[in-house]
Each structure stands twice: as C-alpha cells, then as structure tokens.
$ cat protein12.pdb   # PDB, C-alpha atoms
ATOM      1  CA  ASN A   1      -5.969   1.697 -19.404
ATOM      2  CA  ALA A   2      -7.726   3.105 -16.393
ATOM      3  CA  GLY A   3      -6.097   2.480 -13.068
ATOM      4  CA  VAL A   4      -7.681   1.147  -9.923
ATOM      5  CA  MET A   5     -10.743   3.193  -9.124
ATOM      6  CA  GLN A   6     -12.196   3.785  -5.710
ATOM      7  CA  ASN A   7     -15.297   5.630  -4.672
ATOM      8  CA  PRO A   8     -16.217   7.642  -2.885
ATOM      9  CA  ARG A   9     -12.940   9.484  -2.376
ATOM     10  CA  HIS A  10     -14.212  10.979   0.864
ATOM     11  CA  LEU A  11     -16.938   9.607   3.111
ATOM     12  CA  VAL A  12     -18.356  11.101   6.287
ATOM     13  CA  ARG A  13     -20.457   8.980   8.606
ATOM     14  CA  ARG A  14     -21.884   9.380  12.078
ATOM     15  CA  ARG A  15     -21.236   6.771  14.712
ATOM     16  CA  GLY A  16     -23.489   3.753  14.234
ATOM     17  CA  GLN A  17     -24.015   4.233  10.502
ATOM     18  CA  GLU A  18     -22.767   1.924   7.772
ATOM     19  CA  ALA A  19     -19.894   2.741   5.439
ATOM     20  CA  ARG A  20     -19.654   1.117   2.040
ATOM     21  CA  LEU A  21     -16.445   1.512   0.052
ATOM     22  CA  ARG A  22     -16.107   0.455  -3.568
ATOM     23  CA  CYS A  23     -13.131  -0.647  -5.594
ATOM     24  CA  SER A  24     -12.932  -1.377  -9.302
ATOM     25  CA  PRO A  25      -9.674  -3.160 -10.171
ATOM     26  CA  MET A  26      -7.633  -2.480 -13.261
ATOM     27  CA  LYS A  27      -8.886  -4.142 -16.402
ATOM     28  CA  GLY A  28      -7.737  -7.747 -16.524
ATOM     29  CA  HIS A  29      -6.998  -7.911 -12.798
ATOM     30  CA  SER A  30      -8.858 -10.521 -10.772
ATOM     31  CA  HIS A  31      -7.028 -10.162  -7.441
ATOM     32  CA  VAL A  32      -8.106  -7.405  -5.071
ATOM     33  CA  TYR A  33      -6.584  -6.348  -1.760
ATOM     34  CA  TRP A  34      -7.818  -3.917   0.860
ATOM     35  CA  TYR A  35      -5.508  -1.990   3.186
ATOM     36  CA  ARG A  36      -6.152   0.517   5.949
ATOM     37  CA  GLN A  37      -3.928   3.472   6.773
ATOM     38  CA  LEU A  38      -4.411   5.093  10.143
ATOM     39  CA  PRO A  39      -3.074   8.644  10.623
ATOM     40  CA  GLU A  40       0.727   8.809  10.763
ATOM     41  CA  GLU A  41       1.056   5.078  10.058
ATOM     42  CA  GLY A  42       1.850   2.777   7.178
ATOM     43  CA  LEU A  43      -0.722   0.661   5.430
ATOM     44  CA  LYS A  44      -1.984  -2.485   7.126
ATOM     45  CA  PHE A  45      -3.329  -5.436   5.154
ATOM     46  CA  MET A  46      -6.980  -6.292   5.720
ATOM     47  CA  VAL A  47      -8.230  -8.789   3.141
ATOM     48  CA  TYR A  48      -7.348 -10.450  -0.158
ATOM     49  CA  LEU A  49     -10.070 -11.524  -2.572
ATOM     50  CA  GLN A  50     -10.433 -13.114  -5.941
ATOM     51  CA  LYS A  51     -13.688 -13.164  -7.848
ATOM     52  CA  GLU A  52     -16.384 -14.555  -5.517
ATOM     53  CA  ASN A  53     -13.786 -15.828  -3.023
ATOM     54  CA  ILE A  54     -12.090 -14.509   0.084
ATOM     55  CA  ILE A  55      -8.548 -15.875   0.016
ATOM     56  CA  ASP A  56      -7.071 -14.260   3.125
ATOM     57  CA  GLU A  57      -8.930 -12.142   5.675
ATOM     58  CA  SER A  58      -6.346 -12.392   8.435
ATOM     59  CA  GLY A  59      -6.072  -8.608   8.723
ATOM     60  CA  MET A  60      -9.771  -7.922   8.941
ATOM     61  CA  PRO A  61     -11.391  -7.142  12.301
ATOM     62  CA  LYS A  62     -13.683 -10.016  13.283
ATOM     63  CA  GLU A  63     -16.717  -7.831  13.871
ATOM     64  CA  ARG A  64     -18.478  -5.163  11.803
ATOM     65  CA  PHE A  65     -16.151  -5.509   8.780
ATOM     66  CA  SER A  66     -16.896  -7.559   5.679
ATOM     67  CA  ALA A  67     -15.671  -7.661   2.107
ATOM     68  CA  GLU A  68     -16.867  -9.142  -1.133
ATOM     69  CA  PHE A  69     -15.789  -9.290  -4.747
ATOM     70  CA  PRO A  70     -18.774 -10.490  -6.782
ATOM     71  CA  LYS A  71     -18.639 -12.019 -10.221
ATOM     72  CA  GLU A  72     -19.929  -8.761 -11.653
ATOM     73  CA  GLY A  73     -19.219  -5.320 -10.295
ATOM     74  CA  PRO A  74     -16.725  -3.789  -7.926
ATOM     75  CA  SER A  75     -15.294  -5.121  -4.709
ATOM     76  CA  ILE A  76     -17.069  -3.765  -1.640
ATOM     77  CA  LEU A  77     -15.639  -3.182   1.814
ATOM     78  CA  ARG A  78     -18.500  -2.757   4.285
ATOM     79  CA  ILE A  79     -18.153  -1.396   7.786
ATOM     80  CA  GLN A  80     -21.248  -1.672   9.950
ATOM     81  CA  GLN A  81     -21.972   0.479  12.994
ATOM     82  CA  VAL A  82     -18.917   2.654  12.455
ATOM     83  CA  VAL A  83     -16.980   4.044  15.407
ATOM     84  CA  ARG A  84     -14.538   6.958  15.552
ATOM     85  CA  GLY A  85     -11.606   4.545  15.486
ATOM     86  CA  ASP A  86     -12.631   3.465  11.980
ATOM     87  CA  SER A  87     -11.607   6.897  10.655
ATOM     88  CA  ALA A  88      -8.777   6.161   8.255
ATOM     89  CA  ALA A  89      -7.806   5.988   4.616
ATOM     90  CA  TYR A  90      -8.813   2.720   2.983
ATOM     91  CA  PHE A  91      -6.825   1.678  -0.055
ATOM     92  CA  CYS A  92      -7.646  -0.959  -2.600
ATOM     93  CA  ALA A  93      -5.026  -2.614  -4.795
ATOM     94  CA  SER A  94      -5.273  -5.086  -7.641
ATOM     95  CA  SER A  95      -2.968  -7.479  -9.446
ATOM     96  CA  PRO A  96      -3.342  -9.564 -12.609
ATOM     97  CA  LYS A  97      -4.420 -13.171 -13.011
ATOM     98  CA  SER A  98      -0.884 -14.348 -13.517
ATOM     99  CA  LEU A  99       0.059 -14.244  -9.832
ATOM    100  CA  GLN A 100       2.385 -11.381 -10.647
ATOM    101  CA  GLU A 101       3.102  -9.798  -7.332
ATOM    102  CA  THR A 102       3.032  -6.117  -8.190
ATOM    103  CA  GLN A 103      -0.054  -4.520  -6.717
ATOM    104  CA  TYR A 104      -1.410  -1.315  -8.184
ATOM    105  CA  PHE A 105      -3.165   0.988  -5.782
ATOM    106  CA  GLY A 106      -6.219   3.143  -6.078
ATOM    107  CA  PRO A 107      -6.415   6.704  -4.736
ATOM    108  CA  GLY A 108      -8.072   5.597  -1.511
ATOM    109  CA  THR A 109     -11.261   6.433   0.346
ATOM    110  CA  ARG A 110     -10.860   8.702   3.332
ATOM    111  CA  LEU A 111     -13.462   7.819   5.927
ATOM    112  CA  LEU A 112     -14.264  10.265   8.696
ATOM    113  CA  VAL A 113     -16.541   9.142  11.514
ATOM    114  CA  LEU A 114     -18.092  11.954  13.506
TER     115      LEU A 114
ATOM    116  CA  ALA B   1       6.408 -14.079   8.515
ATOM    117  CA  GLN B   2       8.014 -11.002   7.065
ATOM    118  CA  SER B   3       8.654  -7.524   8.401
ATOM    119  CA  VAL B   4      10.152  -4.256   7.275
ATOM    120  CA  THR B   5      11.925  -1.575   9.271
ATOM    121  CA  GLN B   6      12.416   1.904   7.902
ATOM    122  CA  LEU B   7      15.213   3.372   9.937
ATOM    123  CA  ASP B   8      14.306   7.053   9.585
ATOM    124  CA  SER B   9      10.842   8.504  10.058
ATOM    125  CA  HIS B  10      11.926  11.874   8.606
ATOM    126  CA  VAL B  11      14.701  12.796   6.182
ATOM    127  CA  SER B  12      15.508  16.334   5.021
ATOM    128  CA  VAL B  13      17.788  17.100   2.101
ATOM    129  CA  SER B  14      18.557  20.171   0.060
ATOM    130  CA  GLU B  15      17.476  20.299  -3.549
ATOM    131  CA  GLY B  16      20.185  18.875  -5.792
ATOM    132  CA  THR B  17      21.793  16.737  -3.061
ATOM    133  CA  PRO B  18      21.617  12.939  -2.815
ATOM    134  CA  VAL B  19      18.750  11.099  -1.172
ATOM    135  CA  LEU B  20      19.156   7.970   0.967
ATOM    136  CA  LEU B  21      16.133   6.295   2.549
ATOM    137  CA  ARG B  22      17.031   3.239   4.569
ATOM    138  CA  CYS B  23      15.118  -0.025   4.810
ATOM    139  CA  ASN B  24      15.891  -3.365   6.433
ATOM    140  CA  TYR B  25      13.741  -6.420   5.975
ATOM    141  CA  SER B  26      13.177  -9.749   7.629
ATOM    142  CA  SER B  27      11.873 -12.717   5.690
ATOM    143  CA  SER B  28      12.068 -16.498   5.949
ATOM    144  CA  TYR B  29      12.307 -16.921   2.180
ATOM    145  CA  SER B  30      13.549 -14.998  -0.841
ATOM    146  CA  PRO B  31      11.480 -11.853  -0.626
ATOM    147  CA  SER B  32      10.005  -9.538  -3.183
ATOM    148  CA  LEU B  33      10.656  -5.969  -2.136
ATOM    149  CA  PHE B  34       9.108  -2.722  -3.266
ATOM    150  CA  TRP B  35       9.303   1.007  -2.714
ATOM    151  CA  TYR B  36       6.094   2.987  -3.007
ATOM    152  CA  VAL B  37       5.692   6.762  -2.816
ATOM    153  CA  GLN B  38       2.659   8.600  -1.459
ATOM    154  CA  HIS B  39       2.137  12.287  -2.111
ATOM    155  CA  PRO B  40      -0.176  14.167   0.260
ATOM    156  CA  ASN B  41      -3.779  12.978   0.051
ATOM    157  CA  LYS B  42      -2.947  10.794  -2.924
ATOM    158  CA  GLY B  43      -2.731   7.063  -3.534
ATOM    159  CA  LEU B  44       0.433   5.031  -3.672
ATOM    160  CA  GLN B  45       2.654   4.899  -6.712
ATOM    161  CA  LEU B  46       5.106   2.083  -7.337
ATOM    162  CA  LEU B  47       8.672   3.390  -7.619
ATOM    163  CA  LEU B  48      10.476   0.106  -8.135
ATOM    164  CA  LYS B  49      10.488  -3.574  -7.226
ATOM    165  CA  TYR B  50      13.001  -6.334  -6.627
ATOM    166  CA  THR B  51      12.062  -9.916  -7.511
ATOM    167  CA  SER B  52      15.348 -11.882  -7.329
ATOM    168  CA  ALA B  53      16.776 -10.726 -10.639
ATOM    169  CA  ALA B  54      19.402  -7.973 -10.681
ATOM    170  CA  THR B  55      20.270  -6.728  -7.212
ATOM    171  CA  LEU B  56      20.417  -3.105  -8.366
ATOM    172  CA  VAL B  57      16.942  -2.037  -9.344
ATOM    173  CA  LYS B  58      16.205   1.116 -11.273
ATOM    174  CA  GLY B  59      12.853   2.791 -10.851
ATOM    175  CA  ILE B  60      10.984   5.812 -12.026
ATOM    176  CA  ASN B  61      12.000   9.450 -11.503
ATOM    177  CA  GLY B  62      15.691   8.592 -11.121
ATOM    178  CA  PHE B  63      15.314   6.418  -8.025
ATOM    179  CA  GLU B  64      17.122   3.148  -7.549
ATOM    180  CA  ALA B  65      17.549   0.597  -4.797
ATOM    181  CA  GLU B  66      20.095  -2.117  -4.094
ATOM    182  CA  PHE B  67      19.164  -5.470  -2.586
ATOM    183  CA  LYS B  68      21.881  -6.647  -0.174
ATOM    184  CA  LYS B  69      21.095 -10.071   1.198
ATOM    185  CA  SER B  70      24.058 -10.116   3.580
ATOM    186  CA  GLU B  71      22.814  -6.915   5.204
ATOM    187  CA  THR B  72      19.087  -7.648   4.714
ATOM    188  CA  SER B  73      18.774  -4.136   3.332
ATOM    189  CA  PHE B  74      16.988  -2.493   0.429
ATOM    190  CA  HIS B  75      17.911   1.188   0.648
ATOM    191  CA  LEU B  76      16.418   3.712  -1.777
ATOM    192  CA  THR B  77      18.677   6.307  -3.358
ATOM    193  CA  LYS B  78      18.582   9.171  -5.822
ATOM    194  CA  PRO B  79      21.641  11.169  -6.911
ATOM    195  CA  SER B  80      19.954  14.579  -6.914
ATOM    196  CA  ALA B  81      16.770  15.509  -5.080
ATOM    197  CA  HIS B  82      14.059  17.566  -6.709
ATOM    198  CA  MET B  83      11.384  19.572  -4.939
ATOM    199  CA  SER B  84       8.739  17.276  -6.390
ATOM    200  CA  ASP B  85      10.306  14.320  -4.553
ATOM    201  CA  ALA B  86       8.901  15.585  -1.252
ATOM    202  CA  ALA B  87       6.511  12.841  -0.155
ATOM    203  CA  GLU B  88       6.187   9.802   2.095
ATOM    204  CA  TYR B  89       8.071   6.699   1.032
ATOM    205  CA  PHE B  90       7.189   3.162   2.039
ATOM    206  CA  CYS B  91       9.426   0.107   1.898
ATOM    207  CA  VAL B  92       7.305  -2.999   1.373
ATOM    208  CA  VAL B  93       7.838  -6.761   1.401
ATOM    209  CA  SER B  94       5.508  -9.252  -0.216
ATOM    210  CA  GLY B  95       4.297 -12.530   1.167
ATOM    211  CA  SER B  96       4.308 -15.678  -0.931
ATOM    212  CA  GLY B  97       1.823 -18.288  -2.078
ATOM    213  CA  SER B  98      -1.671 -17.666  -0.784
ATOM    214  CA  ALA B  99      -0.386 -15.082   1.710
ATOM    215  CA  ARG B 100       0.298 -12.437  -0.888
ATOM    216  CA  GLN B 101      -0.462  -9.432   1.196
ATOM    217  CA  LEU B 102       2.076  -6.640   1.365
ATOM    218  CA  THR B 103       3.725  -5.722   4.637
ATOM    219  CA  PHE B 104       4.514  -2.020   4.832
ATOM    220  CA  GLY B 105       7.182  -0.210   6.763
ATOM    221  CA  SER B 106       6.113   2.732   8.866
ATOM    222  CA  GLY B 107       7.177   5.212   6.206
ATOM    223  CA  THR B 108       9.829   7.897   5.764
ATOM    224  CA  GLN B 109       8.736  11.476   5.210
ATOM    225  CA  LEU B 110      11.141  13.153   2.775
ATOM    226  CA  THR B 111      11.432  16.931   2.889
ATOM    227  CA  VAL B 112      13.331  18.729   0.143
ATOM    228  CA  LEU B 113      14.635  22.158   1.089
ATOM    229  CA  PRO B 114      15.193  24.854  -1.548
TER     230      PRO B 114
END
$ encode --input "protein12.pdb" --output "structure tokens"
Amino acid sequence: NAGVMQNPRHLVRRRGQEARLRCSPMKGHSHVYWYRQLPEEGLKFMVYLQKENIIDESGMPKERFSAEFPKEGPSILRIQQVVRGDSAAYFCASSPKSLQETQYFGPGTRLLVL
Amino acid sequence: AQSVTQLDSHVSVSEGTPVLLRCNYSSSYSPSLFWYVQHPNKGLQLLLKYTSAATLVKGINGFEAEFKKSETSFHLTKPSAHMSDAAEYFCVVSGSGSARQLTFGSGTQLTVLP
C-alpha cells in the first residue's frame, strides 16, 4: 500500500511565478490536509478538503493561495505570484473515510522562491 | 481551541540513556494526542497516538507516552536512546468534528551523543 505521495519533492520558482504542488492520498483515503512548515518552526494547518469540497480553509492565506481536490486526480495546492516568504516545506496528509483521526503524511514539497 | 507546548526546543542525551521529551496541551474537550518524528529533509512519521483508551501508549521504535489529564501532559519517553533516534519530534493535538486539523508544537530537536 503506497503511502501519501507528493510531487515535486523540490520546486524552485522566481518571484511572481506560480507554484503548483500535488498530493495523492493513500488508497482509500478521501480526506486531505495541507500544512506549511517554515524554517525552524512546526507545521501550521492550511486547508482540509474532501473530494470536491473544501471543509476548512481557516489556515490558508486569503490571497494567492488556493486548493482543490477533484473527483479524479490528486489534490492541488496552487500559489500564484509567489514571494520569497512562501519558501517553505509544504506537507500533505490524508486520512480514511471513517473519520479516523490519524493523518498520514507525505514526504513534503520544498519550495524555494528566488 | 487547542494548543500544544513543547517545553524543550533541544534535548541532548548519550546513546543508551533514557529520553524524555516534554509536552503540555490545552484543550476544551477530550483531546486526541500524537507524537510525530521528522528526520532531516524527510516527511513526518507517526510514533504513537492517544485517543482516550489506555493512558500509557506504546509506539514504534520503543517509544511510549503517558497521558496525564491532571497535569495536561503527554510526555514522550524511551528507556535507551539509539543514534538513529536523532531527529525532530513534534507533539500534536487534534481538533474535533469538522475542525479536524492538527495543531503542532514547535518541536524538540533530539541529539544523541555517542
């Protein structure tokens, strides 16, 4: 059973470009969560999605950031017009349909904005 | 709202000696609590979780944690440290209902000395 998969593992963007991060949850998992880890800090919650629905986006910046989890395909975290402060590790986690609380994390995408 | 405080940002132990990583939580309901470990440039791995069953929780790699409601603590311990235990450890509390995001502590960096 493959774990949570994220790609790319490393992403370099120049200021003003768009960053698109992908997350494929574990098989059978329909809940996806995105977290951001700034250098020397713990992870901060951004958004919680189920298939085709955003359940909780209270941790997401109001501008430039968006997330989706379509019926088919991976969840996407999109950052438009990136700035240097967006440089961070972005982690995706998933949990099963049963509202079991354990979240399983992917390896993360490390975004560097030049 | 819930919060987590990890009392030590850095802990150093000698190989073969006990490990104690301290965590206090704040929650307005019966919390679910977790310890995750993050090795350098890797994703997060679940060590153990508490979900209102037994207060002493055993995890992987010889780690265990005890939930003490009276002290609002969930300290992580291991009888004998191994070099491979060197990593960052996060104490985490889970929200409930639709607010199922995880709230992370700031992390404790464990160094194991030979």
$ closest_residue --input "protein12.pdb" --among "B:Gln2, B:Ser73, B:Gln101, B:Ser84" --to "A:Trp34" --atoms "all atoms listed in the file"
B:Gln101
$ residues_near_point --input "protein12.pdb" --point "(-5.7, 6.3, 5.7)" --cutoff "10 Å" --atoms "all atoms listed in the file" --output "MDAnalysis selection string"
(chainID A and resid 35:44 86:91 108:112) or (chainID B and resid 41 43)
$ resolve_selection --input "protein12.pdb" --expression "the PyMOL selection byres ((chain B and resi 19) around 8)" --output "JSON, numbers by chain"
{"B": [13, 17, 18, 20, 21, 76, 77, 78, 79, 80, 81]}
$ residues_around --input "protein12.pdb" --residues "stretch 46-52 of chain A" --least-positions-apart "6" --cutoff "12 Å" --atoms "only C-alpha atoms" --output "PyMOL selection string"
(chain A and resi 23-25+28-37+58-62+65-78+90-97+99+103) or (chain B and resi 95+98-103)
$ atom_distance --input "protein12.pdb" --atom1 "atom CA of B:Glu15" --atom2 "atom CA of B:Phe104"
27.1 Å
$ residues_around --input "protein12.pdb" --residues "B:Val93" --least-positions-apart "5" --cutoff "12 Å" --atoms "all atoms listed in the file" --output "ChimeraX atom specification"
/A:45,101-103 /B:1-6,23-36,49-51,72-74,99-105
$ residues_around --input "protein12.pdb" --residues "A:Arg15" --least-positions-apart "2" --cutoff "6 Å" --atoms "all atoms listed in the file" --output "PyMOL selection string"
chain A and resi 17+82-83
$ resolve_selection --input "protein12.pdb" --expression "the PyMOL selection byres ((chain A and resi 4) around 7)" --output "ChimeraX atom specification"
/A:2-3,5-6,24-26,93,104-106
$ write_last_selection --input "protein12.pdb" --atoms "C-alpha atoms" --output "CSV table (one decimal), in the frame of the given file"
chain,number,residue,atom,x,y,z
A,2,ALA,CA,-7.7,3.1,-16.4
A,3,GLY,CA,-6.1,2.5,-13.1
A,5,MET,CA,-10.7,3.2,-9.1
A,6,GLN,CA,-12.2,3.8,-5.7
A,24,SER,CA,-12.9,-1.4,-9.3
A,25,PRO,CA,-9.7,-3.2,-10.2
A,26,MET,CA,-7.6,-2.5,-13.3
A,93,ALA,CA,-5.0,-2.6,-4.8
A,104,TYR,CA,-1.4,-1.3,-8.2
A,105,PHE,CA,-3.2,1.0,-5.8
A,106,GLY,CA,-6.2,3.1,-6.1
$ atom_distance --input "protein12.pdb" --atom1 "atom CA of A:Glu63" --atom2 "atom CA of A:Arg22"
19.3 Å
$ atom_distance --input "protein12.pdb" --atom1 "atom CA of B:His82" --atom2 "atom CA of B:Val112"
7.0 Å
$ closest_residue --input "protein12.pdb" --among "A:Val113, A:Pro107, A:Leu21, A:Gln81" --to "B:Pro40" --atoms "only C-alpha atoms"
A:Pro107
$ closest_residue --input "protein12.pdb" --among "A:Leu114, A:Ile54, A:Gln80, A:Asn7" --to "A:Ala19" --atoms "only C-alpha atoms"
A:Gln80
$ build_atoms --input "protein12.pdb" --residues "stretch 84-95 of chain A" --atoms "all heavy atoms" --output "short mmCIF file (atom, residue, chain, number, x, y, z; two decimals), in the frame of the given file"
data_model
loop_
_atom_site.label_atom_id
_atom_site.label_comp_id
_atom_site.auth_asym_id
_atom_site.auth_seq_id
_atom_site.Cartn_x
_atom_site.Cartn_y
_atom_site.Cartn_z
N ARG A 84 -15.53 5.94 15.90
CA ARG A 84 -14.54 6.96 15.55
C ARG A 84 -13.21 6.33 15.17
O ARG A 84 -12.48 6.85 14.32
CB ARG A 84 -14.35 7.92 16.72
CG ARG A 84 -15.54 8.83 16.92
CD ARG A 84 -15.11 10.20 17.41
NE ARG A 84 -16.26 11.11 17.45
CZ ARG A 84 -16.78 11.59 18.56
NH1 ARG A 84 -16.25 11.29 19.73
NH2 ARG A 84 -17.82 12.41 18.50
N GLY A 85 -12.87 5.20 15.78
CA GLY A 85 -11.61 4.54 15.49
C GLY A 85 -11.53 3.97 14.08
O GLY A 85 -10.44 3.57 13.64
N ASP A 86 -12.65 3.93 13.37
CA ASP A 86 -12.63 3.46 11.98
C ASP A 86 -12.18 4.56 11.03
O ASP A 86 -11.94 4.29 9.84
CB ASP A 86 -14.03 3.00 11.56
CG ASP A 86 -14.52 1.79 12.36
OD1 ASP A 86 -13.66 1.02 12.85
OD2 ASP A 86 -15.74 1.64 12.51
N SER A 87 -12.07 5.79 11.51
CA SER A 87 -11.61 6.90 10.66
C SER A 87 -10.19 6.59 10.16
O SER A 87 -9.27 6.39 10.95
CB SER A 87 -11.61 8.21 11.44
OG SER A 87 -12.92 8.59 11.81
N ALA A 88 -10.05 6.56 8.86
CA ALA A 88 -8.78 6.16 8.26
C ALA A 88 -8.90 6.32 6.74
O ALA A 88 -9.97 6.61 6.22
CB ALA A 88 -8.44 4.71 8.60
N ALA A 89 -7.78 6.10 6.07
CA ALA A 89 -7.81 5.99 4.62
C ALA A 89 -7.80 4.51 4.26
O ALA A 89 -7.00 3.74 4.80
CB ALA A 89 -6.61 6.69 4.00
N TYR A 90 -8.70 4.12 3.39
CA TYR A 90 -8.81 2.72 2.98
C TYR A 90 -8.39 2.64 1.52
O TYR A 90 -8.97 3.28 0.65
CB TYR A 90 -10.24 2.22 3.17
CG TYR A 90 -10.63 2.13 4.64
CD1 TYR A 90 -11.06 3.26 5.34
CD2 TYR A 90 -10.53 0.92 5.31
CE1 TYR A 90 -11.39 3.18 6.68
CE2 TYR A 90 -10.86 0.83 6.66
CZ TYR A 90 -11.28 1.97 7.34
OH TYR A 90 -11.60 1.90 8.67
N PHE A 91 -7.37 1.82 1.29
CA PHE A 91 -6.82 1.68 -0.06
C PHE A 91 -7.12 0.30 -0.60
O PHE A 91 -7.03 -0.71 0.09
CB PHE A 91 -5.31 1.90 -0.06
CG PHE A 91 -4.92 3.33 0.17
CD1 PHE A 91 -4.61 3.77 1.45
CD2 PHE A 91 -4.86 4.22 -0.88
CE1 PHE A 91 -4.25 5.10 1.67
CE2 PHE A 91 -4.50 5.54 -0.66
CZ PHE A 91 -4.21 5.98 0.61
N CYS A 92 -7.46 0.28 -1.87
CA CYS A 92 -7.65 -0.96 -2.60
C CYS A 92 -6.50 -1.10 -3.59
O CYS A 92 -6.00 -0.11 -4.14
CB CYS A 92 -8.98 -0.88 -3.34
SG CYS A 92 -9.26 -2.17 -4.54
N ALA A 93 -6.05 -2.33 -3.79
CA ALA A 93 -5.03 -2.61 -4.80
C ALA A 93 -5.48 -3.81 -5.61
O ALA A 93 -6.29 -4.63 -5.15
CB ALA A 93 -3.67 -2.90 -4.13
N SER A 94 -4.95 -3.92 -6.83
CA SER A 94 -5.27 -5.09 -7.64
C SER A 94 -4.03 -5.61 -8.33
O SER A 94 -3.04 -4.88 -8.50
CB SER A 94 -6.36 -4.76 -8.67
OG SER A 94 -5.86 -3.93 -9.71
N SER A 95 -4.07 -6.88 -8.69
CA SER A 95 -2.97 -7.48 -9.45
C SER A 95 -3.58 -8.44 -10.47
O SER A 95 -4.71 -8.86 -10.34
CB SER A 95 -1.97 -8.19 -8.53
OG SER A 95 -2.58 -9.30 -7.89
#
